[in-house]
Amino acid sequence: MSSTRAAPAPPDQPPARKRGRTGAGDRRMTWRDRLYRFDMRYMPYLMIAPFFLLFLVFGLFPLLFNAVVSLRNYRLDDPTLPYWAGMENFSRLIADEDFWNALANTFGIFLLSTVPQLLLALLVASLLNRKLRAQTWWRVGVLLPYVTPIVASTMVFSVFFSRDFGMANWVLGLLGIGGADDPIDWRAGKLQAWIAIATMVNWKWIGYNALLYLAAMQSIPRDVYEAAAIDGAGQWKQLWRITVPMIQPVVLFTVILSTIGGLQLFTEPMLFDPNAQAATGGPDGEWQTIAQLIYKVGWKDLNLGYAAAMSWALFLIILIVAGLNYLLTNRLSGGRR
């Protein structure tokens, strides 16, 4: 009778059904682990891949193609020229008076716009960082010049700086400068043209930079200012000894951004000229910038090879000036970065 009784299953052996469910669960966990690893390792690259693809097509390829064109005799009006020019286009820049004139104009307008622009932006941001009535209105108001279309604002300023009926001469006449009998011709000389164009640039970008500085100032603890006030530091000393060093990364960003934009200035000087199509920057090139000259040489004179060489020269100049500005700003702010 005992021989017909079934032997009991070992106590450590689970039933077959339970064993099957546990195996499926292990497979599901493995699949989740694979998804998790894919999400952590590869998804960030997939998310940023569209930017790099667009940059490859619309950024890197035109840059490399422009480098090839700068070494060619690429004239749209004379395709029979020898294909390669080598460094001839670059060596021609050294003796080109128009290039050096445009370079001087570019740096003149750049200095008159960038330095006052960033200093005034710091002061405006410092004022907006205080407790003011209608604080939001003021902060939005300083951004209005930036959102104004640049063509519209430049056309308005062109009328503002006209010789006979411009409001600039009227305001200066009230201050005893110039007047109706001797108005300033803003398009007759380099300095007055530089001042007029720099005024357009400053008007547009001061508010934008001020909001960048203001956003950085918001992260500075108020206790730092209170301690400085107890030690006897005034508002001016707090700005230069506390605020500027603590917002140094944003200051460096605006310096580099202003350098790039200032040395590539095109729209304001282009539309300031009554004969904008000529792209000469005045009768004698009084305010012609390098960007204007590149446009004129490439699309008016149809010499694309020489224009490409100019653009590469401008690129190298921007790199050098941006690097010098970075080092200078870093040293003036204490070398914290």
# chains A, B, ... in the order shown; residues from 1 in each chain; ligands from 1

call {"tool": "residues_around", "arguments": {"residues": "Ala152 (chain A)", "least_positions_apart": "5", "cutoff": "12 Å", "atoms": "only C-alpha atoms", "output": "number ranges by chain"}}
result
A: 145-147, 157-159, 200, 204, 267-268, 271-272

call {"tool": "residues_around", "arguments": {"residues": "Trp186 (chain A)", "least_positions_apart": "4", "cutoff": "7 Å", "atoms": "only C-alpha atoms", "output": "PyMOL selection string"}}
result
chain A and resi 161-163+192-193+196

call {"tool": "select_by_dssp", "arguments": {"residues": "region 66-281 of chain A", "states": "alpha helix (DSSP H)", "output": "number ranges by chain"}}
result
A: 66-69, 88-94, 97-128, 135-141, 144-147, 150-160, 167-174, 190-217, 222-230, 235-238, 244-246, 248-263, 267-272

call {"tool": "write_last_selection", "arguments": {"atoms": "C-alpha atoms", "output": "short mmCIF file (atom, residue, chain, number, x, y, z; two decimals), in the first residue's frame"}}
result
data_model
loop_
_atom_site.label_atom_id
_atom_site.label_comp_id
_atom_site.auth_asym_id
_atom_site.auth_seq_id
_atom_site.Cartn_x
_atom_site.Cartn_y
_atom_site.Cartn_z
CA ASN A 66 33.80 79.66 -48.58
CA ALA A 67 37.36 78.63 -47.71
CA VAL A 68 37.69 76.94 -51.09
CA VAL A 69 36.23 79.96 -52.89
CA GLU A 88 46.69 85.91 -54.15
CA ASN A 89 43.32 87.08 -52.79
CA PHE A 90 44.75 87.32 -49.26
CA SER A 91 47.95 89.09 -50.31
CA ARG A 92 45.84 91.60 -52.22
CA LEU A 93 44.19 92.66 -48.94
CA ILE A 94 47.46 94.09 -47.64
CA GLU A 97 43.05 100.88 -49.36
CA ASP A 98 39.33 100.19 -49.37
CA PHE A 99 39.83 97.26 -46.99
CA TRP A 100 41.87 99.29 -44.51
CA ASN A 101 39.42 102.18 -44.70
CA ALA A 102 36.53 99.79 -44.00
CA LEU A 103 38.51 98.20 -41.15
CA ALA A 104 39.12 101.63 -39.54
CA ASN A 105 35.43 102.51 -39.89
CA THR A 106 34.40 99.19 -38.37
CA PHE A 107 36.64 99.62 -35.33
CA GLY A 108 35.63 103.27 -34.90
CA ILE A 109 31.93 102.45 -34.83
CA PHE A 110 32.65 99.37 -32.70
CA LEU A 111 34.41 101.37 -29.98
CA LEU A 112 31.77 104.13 -29.97
CA SER A 113 28.99 101.60 -29.63
CA THR A 114 30.23 98.66 -27.57
CA VAL A 115 31.94 100.46 -24.68
CA PRO A 116 29.12 102.95 -23.89
CA GLN A 117 26.55 100.25 -24.60
CA LEU A 118 27.80 97.83 -21.94
CA LEU A 119 28.48 100.55 -19.36
CA LEU A 120 25.01 102.05 -19.76
CA ALA A 121 23.48 98.57 -19.67
CA LEU A 122 25.15 97.96 -16.30
CA LEU A 123 23.78 101.22 -14.93
CA VAL A 124 20.29 100.54 -16.25
CA ALA A 125 20.33 97.02 -14.79
CA SER A 126 21.47 98.39 -11.44
CA LEU A 127 18.56 100.83 -11.42
CA LEU A 128 16.07 98.13 -12.43
CA GLN A 135 8.83 97.67 -11.86
CA THR A 136 7.54 95.20 -14.46
CA TRP A 137 6.60 98.01 -16.82
CA TRP A 138 10.11 99.46 -16.70
CA ARG A 139 11.71 96.07 -17.26
CA VAL A 140 9.53 95.37 -20.27
CA GLY A 141 9.98 98.90 -21.58
CA LEU A 144 11.09 97.47 -26.68
CA PRO A 145 14.00 98.80 -28.81
CA TYR A 146 15.30 95.24 -29.16
CA VAL A 147 11.99 93.88 -30.49
CA ILE A 150 15.99 96.94 -37.21
CA VAL A 151 15.07 98.26 -40.66
CA ALA A 152 12.24 100.38 -39.26
CA SER A 153 14.35 101.83 -36.44
CA THR A 154 17.28 102.56 -38.78
CA MET A 155 15.02 104.42 -41.21
CA VAL A 156 13.66 106.53 -38.35
CA PHE A 157 17.17 107.34 -37.16
CA SER A 158 18.19 108.27 -40.70
CA VAL A 159 15.55 110.99 -40.62
CA PHE A 160 16.50 111.90 -37.04
CA MET A 167 15.76 116.44 -34.57
CA ALA A 168 19.35 115.69 -33.58
CA ASN A 169 20.50 119.10 -34.80
CA TRP A 170 17.46 120.71 -33.16
CA VAL A 171 18.34 119.18 -29.78
CA LEU A 172 21.99 120.17 -30.15
CA GLY A 173 20.88 123.68 -31.10
CA LEU A 174 19.06 123.97 -27.78
CA LYS A 190 33.78 110.03 -40.42
CA LEU A 191 33.36 111.03 -36.77
CA GLN A 192 29.81 112.37 -37.02
CA ALA A 193 28.75 109.38 -39.13
CA TRP A 194 30.30 106.99 -36.61
CA ILE A 195 28.46 108.73 -33.77
CA ALA A 196 25.13 108.55 -35.60
CA ILE A 197 25.47 104.84 -36.41
CA ALA A 198 26.77 104.03 -32.91
CA THR A 199 23.70 105.77 -31.47
CA MET A 200 21.45 103.45 -33.47
CA VAL A 201 23.33 100.39 -32.21
CA ASN A 202 23.31 101.56 -28.59
CA TRP A 203 19.61 102.37 -28.67
CA LYS A 204 18.80 98.84 -29.82
CA TRP A 205 21.08 96.78 -27.60
CA ILE A 206 21.34 98.60 -24.26
CA GLY A 207 18.02 97.23 -23.00
CA TYR A 208 18.80 93.68 -24.11
CA ASN A 209 22.15 93.63 -22.29
CA ALA A 210 20.58 95.34 -19.27
CA LEU A 211 18.08 92.51 -18.87
CA LEU A 212 20.89 89.95 -19.08
CA TYR A 213 22.74 91.78 -16.33
CA LEU A 214 19.55 92.12 -14.30
CA ALA A 215 18.88 88.39 -14.46
CA ALA A 216 22.39 87.74 -13.14
CA MET A 217 22.00 90.36 -10.40
CA ARG A 222 20.83 90.65 -0.58
CA ASP A 223 22.87 89.98 2.53
CA VAL A 224 26.02 90.84 0.60
CA TYR A 225 24.73 94.33 -0.19
CA GLU A 226 23.47 94.84 3.35
CA ALA A 227 26.87 93.91 4.77
CA ALA A 228 28.58 96.27 2.33
CA ALA A 229 26.21 99.09 3.26
CA ILE A 230 27.00 98.54 6.94
CA GLN A 235 25.80 102.32 -4.41
CA TRP A 236 28.60 103.10 -6.85
CA LYS A 237 31.20 101.09 -4.95
CA GLN A 238 28.77 98.20 -4.50
CA VAL A 244 30.37 93.27 -11.51
CA PRO A 245 32.72 90.57 -10.10
CA MET A 246 29.78 88.36 -9.13
CA GLN A 248 31.42 88.14 -14.44
CA PRO A 249 30.28 85.18 -16.63
CA VAL A 250 27.40 87.26 -18.01
CA VAL A 251 29.70 90.25 -18.52
CA LEU A 252 32.09 88.09 -20.52
CA PHE A 253 29.19 86.73 -22.57
CA THR A 254 27.95 90.22 -23.46
CA VAL A 255 31.47 91.43 -24.26
CA ILE A 256 32.05 88.58 -26.71
CA LEU A 257 28.55 88.87 -28.19
CA SER A 258 28.94 92.63 -28.65
CA THR A 259 32.36 92.12 -30.25
CA ILE A 260 30.98 89.68 -32.80
CA GLY A 261 27.97 91.86 -33.59
CA GLY A 262 29.94 95.11 -33.67
CA LEU A 263 32.57 93.86 -36.10
CA THR A 267 22.28 96.93 -41.61
CA GLU A 268 22.66 100.27 -39.80
CA PRO A 269 25.46 101.68 -42.00
CA MET A 270 23.84 100.21 -45.09
CA LEU A 271 20.50 101.97 -44.54
CA PHE A 272 22.11 105.16 -43.24
#

call {"tool": "residues_around", "arguments": {"residues": "Asn303 (chain A)", "least_positions_apart": "2", "cutoff": "10 Å", "atoms": "only C-alpha atoms", "output": "list in words"}}
result
Asn73, Tyr74, Arg75, Leu76, Asp77, Asp78, Ile294, Tyr295, Lys296, Val297, Gly298, Trp299, Lys300, Asp301, Gly305, Tyr306, Ala307 and Ala308 of chain A

call {"tool": "write_last_selection", "arguments": {"atoms": "N, CA and C atoms", "output": "JSON list (two decimals), in the first residue's frame"}}
result
[["chain", "number", "residue", "atom", "x", "y", "z"],
["A", 73, "ASN", "N", 39.93, 82.05, -58.32],
["A", 73, "ASN", "CA", 39.57, 83.23, -59.11],
["A", 73, "ASN", "C", 38.09, 83.11, -59.47],
["A", 74, "TYR", "N", 37.24, 83.45, -58.54],
["A", 74, "TYR", "CA", 35.80, 83.22, -58.70],
["A", 74, "TYR", "C", 35.13, 84.55, -59.04],
["A", 75, "ARG", "N", 35.04, 84.85, -60.31],
["A", 75, "ARG", "CA", 34.34, 86.05, -60.78],
["A", 75, "ARG", "C", 33.14, 85.63, -61.61],
["A", 76, "LEU", "N", 31.97, 86.18, -61.26],
["A", 76, "LEU", "CA", 30.76, 85.83, -62.01],
["A", 76, "LEU", "C", 30.74, 86.45, -63.40],
["A", 77, "ASP", "N", 31.49, 87.54, -63.59],
["A", 77, "ASP", "CA", 31.49, 88.21, -64.90],
["A", 77, "ASP", "C", 32.64, 87.75, -65.80],
["A", 78, "ASP", "N", 33.53, 86.87, -65.31],
["A", 78, "ASP", "CA", 34.65, 86.41, -66.13],
["A", 78, "ASP", "C", 35.00, 84.98, -65.73],
["A", 294, "ILE", "N", 32.42, 93.63, -48.13],
["A", 294, "ILE", "CA", 32.30, 92.25, -48.61],
["A", 294, "ILE", "C", 31.09, 92.12, -49.53],
["A", 295, "TYR", "N", 29.96, 92.73, -49.12],
["A", 295, "TYR", "CA", 28.76, 92.70, -49.96],
["A", 295, "TYR", "C", 29.02, 93.39, -51.31],
["A", 296, "LYS", "N", 29.67, 94.54, -51.27],
["A", 296, "LYS", "CA", 29.92, 95.29, -52.50],
["A", 296, "LYS", "C", 30.84, 94.51, -53.44],
["A", 297, "VAL", "N", 31.93, 93.97, -52.90],
["A", 297, "VAL", "CA", 32.89, 93.25, -53.75],
["A", 297, "VAL", "C", 32.26, 91.97, -54.31],
["A", 298, "GLY", "N", 31.47, 91.28, -53.49],
["A", 298, "GLY", "CA", 30.91, 90.01, -53.93],
["A", 298, "GLY", "C", 29.74, 90.15, -54.87],
["A", 299, "TRP", "N", 28.80, 91.05, -54.53],
["A", 299, "TRP", "CA", 27.54, 91.08, -55.28],
["A", 299, "TRP", "C", 27.35, 92.32, -56.16],
["A", 300, "LYS", "N", 28.23, 93.31, -56.01],
["A", 300, "LYS", "CA", 28.19, 94.45, -56.92],
["A", 300, "LYS", "C", 29.32, 94.34, -57.95],
["A", 301, "ASP", "N", 30.53, 94.02, -57.45],
["A", 301, "ASP", "CA", 31.65, 93.85, -58.37],
["A", 301, "ASP", "C", 31.77, 92.42, -58.88],
["A", 305, "GLY", "N", 35.54, 85.44, -55.12],
["A", 305, "GLY", "CA", 36.75, 84.91, -54.53],
["A", 305, "GLY", "C", 37.41, 85.91, -53.59],
["A", 306, "TYR", "N", 37.50, 87.15, -54.02],
["A", 306, "TYR", "CA", 38.09, 88.20, -53.17],
["A", 306, "TYR", "C", 37.19, 88.51, -51.97],
["A", 307, "ALA", "N", 35.89, 88.47, -52.17],
["A", 307, "ALA", "CA", 34.96, 88.69, -51.06],
["A", 307, "ALA", "C", 35.07, 87.58, -50.02],
["A", 308, "ALA", "N", 35.27, 86.34, -50.48],
["A", 308, "ALA", "CA", 35.45, 85.23, -49.54],
["A", 308, "ALA", "C", 36.73, 85.40, -48.73]]

call {"tool": "atom_distance", "arguments": {"atom1": "CA of Ala279 (chain A)", "atom2": "CA of Leu265 (chain A)"}}
result
12.8 Å

call {"tool": "atom_distance", "arguments": {"atom1": "CA of Leu63 (chain A)", "atom2": "CA of Val321 (chain A)"}}
result
20.2 Å
